[in-house]
Amino acid sequence: MEKYNYKEVTKKILENKEEFSDIEEELIHELIQGKISKDANIVDESKLSVGDRMADKISAFVGSWPFIIGAVSLIIIWVIINVSYIIKPFDPYPFILLNLFLSCIAAIQAPIIMMSQNREGDKDRIKAKNDYKVNLKSEIIIEDLHLKMDEIIKSQKFIMERIDKLEKK
């Protein structure tokens with residue numbers, strides 16, 4: 001059995017609009033019938049490490065309203081405690097300790113969020129590759145349908161010519 005290169009056959013289909021051998025026709029139908037799209041979430045999920053999962057969960061929490069409300073509430077409580085002299089202030093104005101904590105949190109959050117964003121970029125690349133395959137398959141199907149329609153039209157013209165000849169006799 002002769003071995004065919006998918007790229008060559010695809011190129012032939014998309015560019016040349018020529019007749020195909022039976023084997024090439026079977027190859028085209030095999031390509032058309034197979035499912036090529038994949039769920040990017042499932043593909044990506046299978047490659048996740050523990051660190052990736054943690055980065056996603058932390059990023060999801062840090063980018064949520066409960067985190068923002070909680071952080072603002074803690075800052076307000078911190079400021080009230082240290083300004084009102086209810087107890088002896090442990091971080092008097094200008095709140096150097098509070099600034100240190102917030103800077104440390106920001107320094108840790110930024111790389112975690114970047115890790116999660118990089119993973120989203122990887123997932124987007126998987127989706128783009130998947131879209132390309134689906135589009136290529138659609139082009140192949142459409143080109144195959146065009147070729148079949150051309151054959152039908154040729155056959156119809158031939159049949160019509162034969163009918164015309166028979167009617168003239």
# chains A, B, ... in the order shown; residues from 1 in each chain; ligands from 1
call {"tool": "residues_around", "arguments": {"residues": "Ile80 of chain A", "least_positions_apart": "5", "cutoff": "12 Å", "atoms": "only C-alpha atoms", "output": "ChimeraX atom specification"}}
result
/A:73-75,85-93,95
call {"tool": "write_last_selection", "arguments": {"atoms": "C-alpha atoms", "output": "PDB file, in the first residue's frame"}}
result
ATOM      1  CA  SER A  73     -11.511  45.736  56.055  1.00  0.00           C
ATOM      2  CA  LEU A  74      -8.249  44.543  57.635  1.00  0.00           C
ATOM      3  CA  ILE A  75      -6.477  47.755  56.598  1.00  0.00           C
ATOM      4  CA  TYR A  85      -5.241  54.603  70.997  1.00  0.00           C
ATOM      5  CA  ILE A  86      -7.759  51.964  72.160  1.00  0.00           C
ATOM      6  CA  ILE A  87      -4.662  49.944  72.896  1.00  0.00           C
ATOM      7  CA  LYS A  88      -1.045  51.027  72.708  1.00  0.00           C
ATOM      8  CA  PRO A  89      -0.334  51.504  68.958  1.00  0.00           C
ATOM      9  CA  PHE A  90       1.960  48.784  67.643  1.00  0.00           C
ATOM     10  CA  ASP A  91       2.315  50.533  64.256  1.00  0.00           C
ATOM     11  CA  PRO A  92       1.915  54.298  64.702  1.00  0.00           C
ATOM     12  CA  TYR A  93       1.383  56.661  61.787  1.00  0.00           C
ATOM     13  CA  PHE A  95       2.099  52.704  59.399  1.00  0.00           C
TER      14      PHE A  95
END
call {"tool": "closest_atom_pairs", "arguments": {"of": "segment 36-98 of chain A", "to": "segment 106-130 of chain A", "cutoff": "12 Å", "atoms": "only C-alpha atoms", "output": "Markdown table"}}
result
| residue | atom | partner | partner_atom | distance |
| --- | --- | --- | --- | --- |
| A:Ile36 | CA | A:Asn130 | CA | 7.7 |
| A:Ser37 | CA | A:Asn130 | CA | 5.7 |
| A:Lys38 | CA | A:Asn130 | CA | 6.7 |
| A:Asp39 | CA | A:Lys127 | CA | 8.0 |
| A:Ala40 | CA | A:Lys127 | CA | 5.8 |
| A:Asn41 | CA | A:Lys123 | CA | 7.3 |
| A:Ile42 | CA | A:Lys123 | CA | 10.0 |
| A:Val43 | CA | A:Ile126 | CA | 8.2 |
| A:Asp44 | CA | A:Lys123 | CA | 6.3 |
| A:Glu45 | CA | A:Lys123 | CA | 9.5 |
| A:Ser46 | CA | A:Lys123 | CA | 11.7 |
| A:Lys47 | CA | A:Arg119 | CA | 10.3 |
| A:Leu48 | CA | A:Arg119 | CA | 9.2 |
| A:Ser49 | CA | A:Arg119 | CA | 11.1 |
| A:Gly51 | CA | A:Met115 | CA | 9.2 |
| A:Asp52 | CA | A:Ser116 | CA | 7.1 |
| A:Arg53 | CA | A:Ser116 | CA | 8.7 |
| A:Met54 | CA | A:Ile112 | CA | 8.7 |
| A:Ala55 | CA | A:Ile112 | CA | 5.4 |
| A:Asp56 | CA | A:Ser116 | CA | 5.4 |
| A:Lys57 | CA | A:Ser116 | CA | 8.9 |
| A:Ile58 | CA | A:Ile112 | CA | 7.5 |
| A:Ser59 | CA | A:Ile113 | CA | 5.4 |
| A:Ala60 | CA | A:Ile113 | CA | 8.9 |
| A:Phe61 | CA | A:Ile113 | CA | 10.5 |
| A:Val62 | CA | A:Gln109 | CA | 8.0 |
| A:Gly63 | CA | A:Ile113 | CA | 9.1 |
call {"tool": "select_by_dssp", "arguments": {"residues": "segment 53-132 of chain A", "states": "alpha helix (DSSP H)", "output": "VMD selection string"}}
result
chain A and resid 53 to 62 65 to 84 96 to 132
call {"tool": "atom_distance", "arguments": {"atom1": "atom CA of Ser64 of chain A", "atom2": "atom CA of Cys104 of chain A"}}
result
19.3 Å
call {"tool": "atom_distance", "arguments": {"atom1": "atom CA of Val83 of chain A", "atom2": "atom CA of Pro66 of chain A"}}
result
25.5 Å
call {"tool": "atom_distance", "arguments": {"atom1": "atom CA of Ile159 of chain A", "atom2": "atom CA of Ile140 of chain A"}}
result
28.3 Å
